[in-house]
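J.: Quick one, run-v4.txt (compact mmCIF, C-alpha atoms):
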# COMPACT_ATOMS: atom_id res chain seq x y z
CA MET T 217 23.00 20.97 20.04
CA LYS T 218 20.23 19.13 18.22
CA SER T 219 17.02 18.34 20.03
CA GLN T 220 17.90 14.68 20.29
CA SER T 221 21.19 13.64 21.85
CA VAL T 222 21.96 9.98 22.46
CA LEU T 223 24.81 8.42 24.43
CA VAL T 224 25.76 5.01 23.07
CA LEU T 225 27.66 2.79 25.48
CA GLY T 226 29.97 0.40 23.68
CA GLY T 227 30.11 2.91 20.84
CA THR T 228 33.06 1.19 19.15
CA GLY T 229 31.79 -2.38 19.56
CA THR T 230 30.02 -4.83 17.28
CA VAL T 231 26.52 -3.46 17.90
CA GLY T 232 27.49 0.00 19.10
CA SER T 233 29.47 1.02 16.02
CA SER T 234 26.55 0.14 13.73
CA LEU T 235 24.12 1.89 16.06
CA VAL T 236 26.21 5.06 16.09
CA ALA T 237 26.26 5.12 12.29
CA ASP T 238 22.52 4.39 12.05
CA LEU T 239 21.62 7.19 14.46
CA ALA T 240 23.94 9.67 12.75
CA GLY T 241 22.25 8.77 9.47
CA LYS T 242 18.92 9.71 11.03
CA GLY T 243 20.25 13.14 11.96
CA VAL T 244 20.59 12.36 15.66
CA ASP T 245 23.37 13.99 17.69
CA VAL T 246 25.39 11.01 18.96
CA ALA T 247 27.90 10.69 21.76
CA ALA T 248 29.89 7.48 21.29
CA ALA T 249 31.27 6.22 24.58
CA THR T 250 34.82 4.92 24.42
CA ARG T 251 37.72 4.56 26.81
CA ASP T 252 40.03 6.34 24.34
CA PRO T 253 38.32 9.02 22.22
CA SER T 254 41.59 9.72 20.36
CA LYS T 255 41.24 6.35 18.60
CA PHE T 256 37.63 6.88 17.52
CA ARG T 257 37.07 6.96 13.77
CA LYS T 258 35.61 10.36 12.91
CA LEU T 259 32.02 10.30 11.69
CA ALA T 260 29.82 13.26 10.80
CA GLY T 261 27.35 14.09 13.56
CA VAL T 262 29.19 11.95 16.13
CA ARG T 263 31.37 13.02 19.02
CA ALA T 264 33.50 10.58 20.97
CA VAL T 265 33.31 10.90 24.75
CA ARG T 266 35.57 9.29 27.29
CA PHE T 267 33.75 6.66 29.30
CA ASP T 268 34.80 3.87 31.63
CA TYR T 269 32.21 1.64 33.30
CA THR T 270 34.42 1.38 36.39
CA ASP T 271 35.29 5.10 36.69
CA ALA T 272 32.38 7.20 37.91
CA SER T 273 34.35 10.39 37.26
CA THR T 274 33.76 9.83 33.51
CA PHE T 275 29.96 9.71 33.85
CA PRO T 276 29.05 13.43 34.14
CA SER T 277 30.89 14.57 31.03
CA ALA T 278 29.63 11.58 29.01
CA LEU T 279 26.05 12.42 30.01
CA GLU T 280 26.34 16.16 29.39
CA GLY T 281 23.48 17.31 27.16
CA VAL T 282 22.25 13.75 26.69
CA GLU T 283 18.53 12.91 26.62
CA LYS T 284 18.64 9.24 25.71
CA VAL T 285 21.00 6.37 26.46
CA PHE T 286 21.75 2.99 24.92
CA VAL T 287 22.94 0.68 27.69
CA MET T 288 24.78 -2.60 27.21
CA LEU T 289 27.15 -4.83 29.14
CA PRO T 290 30.69 -5.02 27.76
CA PRO T 291 31.94 -8.46 26.65
CA GLY T 292 33.59 -10.66 29.22
CA GLN T 293 31.46 -9.43 32.12
CA THR T 294 28.89 -11.39 34.11
CA ALA T 295 27.81 -9.19 37.04
CA ALA T 296 25.78 -6.77 34.92
CA ASP T 297 23.82 -5.18 37.74
CA ARG T 298 26.91 -4.44 39.83
CA LEU T 299 28.92 -3.06 36.91
CA LEU T 300 26.11 -0.97 35.42
CA GLY T 301 24.43 0.08 38.67
CA PRO T 302 26.55 3.17 39.42
CA PHE T 303 26.19 4.46 35.86
CA LEU T 304 22.45 3.86 35.86
CA ASP T 305 22.15 5.81 39.11
CA ALA T 306 23.76 8.77 37.36
CA ALA T 307 22.00 8.39 34.02
CA LEU T 308 18.44 7.73 35.17
CA ALA T 309 18.37 11.00 37.08
CA ARG T 310 19.18 12.96 33.92
CA VAL T 311 17.79 11.28 30.79
CA ARG T 312 14.26 10.72 29.52
CA ARG T 313 14.64 7.48 27.57
CA VAL T 314 16.77 4.35 27.94
CA VAL T 315 17.17 1.43 25.57
CA THR T 316 18.81 -1.58 27.17
CA MET T 317 20.41 -4.45 25.28
CA THR T 318 20.24 -7.58 27.39
CA ALA T 319 19.71 -11.10 26.02
CA ALA T 320 16.97 -13.41 24.85
CA GLY T 321 15.37 -15.26 27.75
CA VAL T 322 16.44 -13.02 30.63
CA GLU T 323 12.81 -12.49 31.56
CA MET T 324 12.58 -16.15 32.57
CA ASP T 325 14.61 -15.68 35.76
CA GLU T 326 14.51 -12.57 37.97
CA GLY T 327 17.88 -13.54 39.44
CA ILE T 328 19.75 -13.09 36.15
CA PRO T 329 21.98 -9.99 36.43
CA LEU T 330 20.83 -8.62 33.07
CA ARG T 331 17.22 -8.97 34.18
CA LYS T 332 18.11 -7.02 37.31
CA VAL T 333 19.42 -4.24 35.04
CA GLU T 334 16.11 -4.21 33.19
CA ARG T 335 14.24 -3.95 36.49
CA ILE T 336 16.40 -1.02 37.66
CA VAL T 337 15.48 0.85 34.49
CA GLU T 338 11.79 -0.09 34.69
CA ARG T 339 11.49 1.18 38.26
CA SER T 340 13.12 4.51 37.44
CA GLY T 341 10.10 6.11 35.80
CA VAL T 342 12.12 6.86 32.66
CA ALA T 343 10.70 5.69 29.31
CA TRP T 344 12.38 2.38 28.50
CA THR T 345 12.69 -0.26 25.82
CA HIS T 346 14.46 -3.60 26.19
CA ILE T 347 15.99 -5.38 23.24
CA ARG T 348 16.90 -8.99 23.92
CA PRO T 349 18.95 -10.46 21.07
CA SER T 350 19.66 -14.09 20.37
CA TRP T 351 23.20 -15.26 19.52
CA PHE T 352 25.06 -12.93 17.16
CA MET T 353 26.03 -14.10 13.67
CA GLN T 354 29.12 -11.95 14.16
CA ASN T 355 30.38 -14.43 16.76
CA PHE T 356 31.59 -16.53 13.85
CA HIS T 357 34.18 -13.93 12.87
CA THR T 358 34.97 -12.73 16.38
CA PHE T 359 34.74 -15.32 19.16
CA TRP T 360 34.97 -18.46 17.01
CA MET T 361 37.37 -17.23 14.32
CA GLY T 362 40.50 -18.45 16.11
CA SER T 363 39.31 -22.05 15.90
CA ILE T 364 38.13 -21.58 12.31
CA ARG T 365 41.53 -20.30 11.21
CA ALA T 366 43.57 -22.77 13.23
CA ALA T 367 41.59 -25.95 12.59
CA GLY T 368 38.80 -25.14 10.15
CA SER T 369 36.29 -26.01 12.83
CA ILE T 370 33.81 -24.58 15.32
CA ALA T 371 34.12 -26.59 18.53
CA LEU T 372 31.14 -25.89 20.80
CA PRO T 373 28.94 -27.80 23.28
CA ALA T 374 25.72 -27.13 21.38
CA ALA T 375 25.02 -30.76 20.36
CA ASP T 376 22.49 -30.66 17.49
CA ALA T 377 20.35 -27.90 18.99
CA ARG T 378 19.13 -25.03 16.85
CA THR T 379 19.86 -21.32 17.27
CA ALA T 380 18.01 -18.38 15.71
CA PHE T 381 21.16 -16.37 14.98
CA ILE T 382 20.73 -12.62 14.44
CA ASP T 383 22.92 -10.17 12.59
CA ALA T 384 24.29 -7.46 14.88
CA ARG T 385 23.44 -4.88 12.22
CA ASP T 386 19.77 -5.73 12.69
CA ILE T 387 20.12 -5.40 16.45
CA ALA T 388 21.60 -1.93 15.93
CA ALA T 389 18.82 -0.97 13.53
CA CYS T 390 16.19 -2.01 16.08
CA ALA T 391 17.95 -0.05 18.82
CA ALA T 392 18.12 3.01 16.54
CA ALA T 393 14.39 2.74 15.86
CA ALA T 394 13.66 2.56 19.59
CA LEU T 395 15.88 5.55 20.35
CA ALA T 396 14.95 7.83 17.46
CA GLY T 397 11.36 6.78 16.83
CA GLU T 398 8.13 6.55 18.76
CA GLY T 399 5.87 3.72 19.85
CA HIS T 400 8.49 1.56 21.56
CA ALA T 401 8.31 2.81 25.16
CA GLY T 402 7.50 0.16 27.73
CA LYS T 403 8.12 -2.70 25.29
CA ALA T 404 10.54 -5.61 25.35
CA TYR T 405 11.59 -7.23 22.07
CA THR T 406 13.25 -10.60 21.60
CA LEU T 407 15.36 -10.24 18.47
CA THR T 408 16.12 -13.27 16.30
CA GLY T 409 16.87 -14.06 12.70
CA GLN T 410 14.38 -15.63 10.31
CA GLU T 411 15.58 -19.20 10.77
CA ALA T 412 16.81 -21.52 13.48
CA LEU T 413 19.90 -23.48 12.43
CA THR T 414 22.10 -26.12 13.98
CA TYR T 415 25.78 -25.25 14.14
CA GLY T 416 26.34 -27.95 11.56
CA GLU T 417 23.95 -26.22 9.19
CA ALA T 418 25.58 -22.87 9.96
CA ALA T 419 29.04 -24.29 9.20
CA ALA T 420 27.77 -25.61 5.86
CA ILE T 421 26.38 -22.18 4.93
CA LEU T 422 29.64 -20.47 5.89
CA THR T 423 31.61 -22.99 3.84
CA ARG T 424 29.40 -22.50 0.80
CA GLU T 425 29.38 -18.71 0.92
CA THR T 426 32.95 -17.92 2.00
CA GLY T 427 34.86 -20.68 0.23
CA ARG T 428 36.64 -21.65 3.45
CA ARG T 429 35.93 -25.20 4.59
CA ILE T 430 34.41 -25.04 8.07
CA VAL T 431 33.04 -27.96 10.06
CA TYR T 432 31.16 -28.05 13.34
CA GLN T 433 32.73 -30.19 16.06
CA PRO T 434 30.42 -30.92 19.02
CA VAL T 435 32.33 -31.08 22.30
CA ASP T 436 31.36 -31.60 25.93
CA ASP T 437 31.19 -28.85 28.53
CA GLU T 438 34.54 -29.59 30.14
CA THR T 439 36.41 -29.66 26.83
CA PHE T 440 34.86 -26.31 25.98
CA ARG T 441 35.66 -24.88 29.42
CA ALA T 442 39.29 -26.01 29.13
CA ALA T 443 39.60 -24.36 25.72
CA LEU T 444 38.20 -21.09 27.05
CA LEU T 445 40.57 -21.09 30.01
CA ALA T 446 43.51 -21.89 27.73
CA ALA T 447 42.53 -18.87 25.62
CA GLY T 448 42.83 -16.68 28.70
CA LEU T 449 39.20 -16.16 29.67
CA PRO T 450 38.50 -15.69 33.39
CA ALA T 451 37.06 -18.75 35.11
CA ASP T 452 33.77 -17.03 35.96
CA TYR T 453 33.19 -15.95 32.36
CA ALA T 454 34.14 -19.38 31.05
CA GLY T 455 31.59 -20.90 33.43
CA PHE T 456 29.01 -18.39 32.25
CA LEU T 457 29.51 -19.38 28.60
CA VAL T 458 29.34 -23.07 29.47
CA GLY T 459 26.02 -22.40 31.18
CA LEU T 460 24.71 -20.50 28.16
CA PHE T 461 25.33 -23.48 25.92
CA GLY T 462 23.35 -25.57 28.36
CA THR T 463 20.36 -23.38 27.53
CA VAL T 464 21.11 -23.78 23.82
CA ARG T 465 21.03 -27.59 24.15
CA ALA T 466 17.76 -27.28 26.04
CA GLY T 467 16.23 -25.56 23.01
CA PHE T 468 15.89 -22.05 24.41
CA ALA T 469 17.84 -20.44 21.53
CA ALA T 470 15.67 -21.98 18.80
CA ARG T 471 12.66 -19.69 19.05
CA VAL T 472 12.11 -17.44 16.02
CA THR T 473 10.20 -14.23 16.74
CA PRO T 474 8.57 -11.62 14.46
CA ASP T 475 10.00 -8.71 16.46
CA VAL T 476 12.62 -7.55 13.92
CA GLN T 477 9.96 -7.47 11.22
CA GLN T 478 7.64 -5.61 13.59
CA ILE T 479 10.20 -2.92 14.40
CA LEU T 480 11.89 -2.49 11.02
CA GLY T 481 9.15 -3.44 8.60
CA ARG T 482 11.45 -6.00 7.03
CA PRO T 483 12.79 -9.43 8.00
CA GLY T 484 16.17 -9.81 9.61
CA ARG T 485 19.20 -10.82 7.57
CA THR T 486 19.88 -14.50 6.99
CA LEU T 487 23.15 -16.26 7.79
CA THR T 488 23.70 -16.54 4.04
CA GLU T 489 23.55 -12.75 3.73
CA TYR T 490 25.88 -12.34 6.71
CA ALA T 491 28.40 -14.77 5.22
CA ARG T 492 28.37 -13.03 1.83
CA ASP T 493 28.83 -9.62 3.41
CA HIS T 494 31.73 -10.78 5.61
CA LYS T 495 33.44 -13.14 3.20
CA ALA T 496 36.72 -11.23 3.33
CA LEU T 497 36.98 -11.72 7.08
CA PHE T 498 37.18 -15.46 6.57
CA GLY T 499 40.35 -15.08 4.52
CA VAL T 500 38.74 -15.54 1.11
CA VAL T 501 38.60 -12.57 -1.25
Step by step, read the file and then write its structure as structure tokens.
T.:
Amino acid sequence: MKSQSVLVLGGTGTVGSSLVADLAGKGVDVAAATRDPSKFRKLAGVRAVRFDYTDASTFPSALEGVEKVFVMLPPGQTAADRLLGPFLDAALARVRRVVTMTAAGVEMDEGIPLRKVERIVERSGVAWTHIRPSWFMQNFHTFWMGSIRAAGSIALPAADARTAFIDARDIAACAAAALAGEGHAGKAYTLTGQEALTYGEAAAILTRETGRRIVYQPVDDETFRAALLAAGLPADYAGFLVGLFGTVRAGFAARVTPDVQQILGRPGRTLTEYARDHKALFGVV
């Protein structure tokens, strides 16, 4: 086994799949955590390992031979510290470096579950790096795509507040740098794109670049909550998302940081670049 071996939680997800590919490209031995390794797309230098956040029996084999870990909370979860705690207990006793993906602004409140995860890692004595991304550009073709296809609209309670959207590929690149490089231990990075846009401005960019007409429809919290519940989201997660948009309206998502440039030596991708690269996903080829 190579000298570096990294376990990537969420190895088949939006950030994790890009991170796995980035690390493999750097010559790192990668273990991609997935609930069903048989469905993992084969990639040179990457081995799929069975992993379930809720099944501690999967932890030892996933951690076998691993020196570094990328830790993230799976989508749809809110109690990060409770879900990740048992795994962290196992991992922090065996690895020498951890990179956590939490969220922009978690440092503002010690009671936030993701901040509690950061604190668990910090207290362990293991070398750590926190990456705290803003809202993903990829949300437009994942979470909000149903509304875009059904009604040509993005209906969110963001009012006219601005968000410094970041491309998940840049998040992955920053995580890869922190895992495979040096100089990032003990640092926390808030990752944003180059520009802060309103959702109306974002919809206009998506329309221009993809050819699909998309409009932004501001809604109130309860309309948004009802739509989430109708889509099948659990009540606690729906409430969590409603609360997040309260922070967006308060302006907390508008801050643009230089951290991506600092880590990668280049600026993050713009929403225009994202839209051009993902045009096919919007049904226009």
J.: Please identify all polymer residues within 6 Å of range 369-371 of chain T, counting all atoms listed in the file, omitting same-chain residues fewer than 6 positions from it, and present them as a PyMOL selection string.
T.: chain T and resi 363+430-434
J.: Which neighbours of range 259-262 of chain T fall inside 8 Å, counting all atoms listed in the file, when residues of the same chain fewer than 6 positions from it are skipped, and could you give them as a short mmCIF file (atom, residue, chain, number, x, y, z; two decimals) with C-alpha atoms, keeping the file's coordinate frame?
T.:
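What landed in around_9.cif:
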data_model
loop_
_atom_site.label_atom_id
_atom_site.label_comp_id
_atom_site.auth_asym_id
_atom_site.auth_seq_id
_atom_site.Cartn_x
_atom_site.Cartn_y
_atom_site.Cartn_z
CA VAL T 236 26.21 5.06 16.09
CA ALA T 237 26.26 5.12 12.29
CA ALA T 240 23.94 9.67 12.75
CA GLY T 243 20.25 13.14 11.96
CA VAL T 244 20.59 12.36 15.66
CA ASP T 245 23.37 13.99 17.69
CA VAL T 246 25.39 11.01 18.96
CA ALA T 247 27.90 10.69 21.76
CA ALA T 248 29.89 7.48 21.29
#
J.: From (33.3, 12.7, 26.7), in the file's coordinates, out to 9 Å: which residues are reached, counting all atoms listed in the file? Answer as a PDB file with C-alpha atoms, in the frame of the given file.
T.:
ATOM      1  CA  ALA T 247      27.900  10.690  21.760  1.00  0.00           C
ATOM      2  CA  ALA T 248      29.890   7.480  21.290  1.00  0.00           C
ATOM      3  CA  ALA T 249      31.270   6.220  24.580  1.00  0.00           C
ATOM      4  CA  THR T 250      34.820   4.920  24.420  1.00  0.00           C
ATOM      5  CA  PRO T 253      38.320   9.020  22.220  1.00  0.00           C
ATOM      6  CA  ARG T 263      31.370  13.020  19.020  1.00  0.00           C
ATOM      7  CA  ALA T 264      33.500  10.580  20.970  1.00  0.00           C
ATOM      8  CA  VAL T 265      33.310  10.900  24.750  1.00  0.00           C
ATOM      9  CA  ARG T 266      35.570   9.290  27.290  1.00  0.00           C
ATOM     10  CA  PHE T 267      33.750   6.660  29.300  1.00  0.00           C
ATOM     11  CA  THR T 274      33.760   9.830  33.510  1.00  0.00           C
ATOM     12  CA  PHE T 275      29.960   9.710  33.850  1.00  0.00           C
ATOM     13  CA  PRO T 276      29.050  13.430  34.140  1.00  0.00           C
ATOM     14  CA  SER T 277      30.890  14.570  31.030  1.00  0.00           C
ATOM     15  CA  ALA T 278      29.630  11.580  29.010  1.00  0.00           C
ATOM     16  CA  LEU T 279      26.050  12.420  30.010  1.00  0.00           C
ATOM     17  CA  GLU T 280      26.340  16.160  29.390  1.00  0.00           C
TER      18      GLU T 280
END
J.: Compare T:Gly499, T:Pro483, T:Pro373, T:Gly292 by their minimum atom-to-atom distance to Val458 in chain T, counting only C-alpha atoms, and give me the closest one.
T.: T:Pro373
J.: Need to verify the contact set: Phe456 in chain T, 10 Å, only C-alpha atoms, exclusion of same-chain residues closer than 6 positions in sequence. Can you return it as number ranges by chain?
T.: T: 292-294, 441, 450, 462
J.: If I take CA of Phe303 in chain T and CA of Val333 in chain T, how far is one from the other in Å, to one decimal?
T.: 11.1 Å
J.: For Gly399 in chain T, which of T:Phe359, T:Trp344, T:Phe440, T:Trp351 is the closest residue, counting all atoms listed in the file?
T.: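 Checking each candidate against Gly399 in chain T, we get T:Trp344 as the closest.
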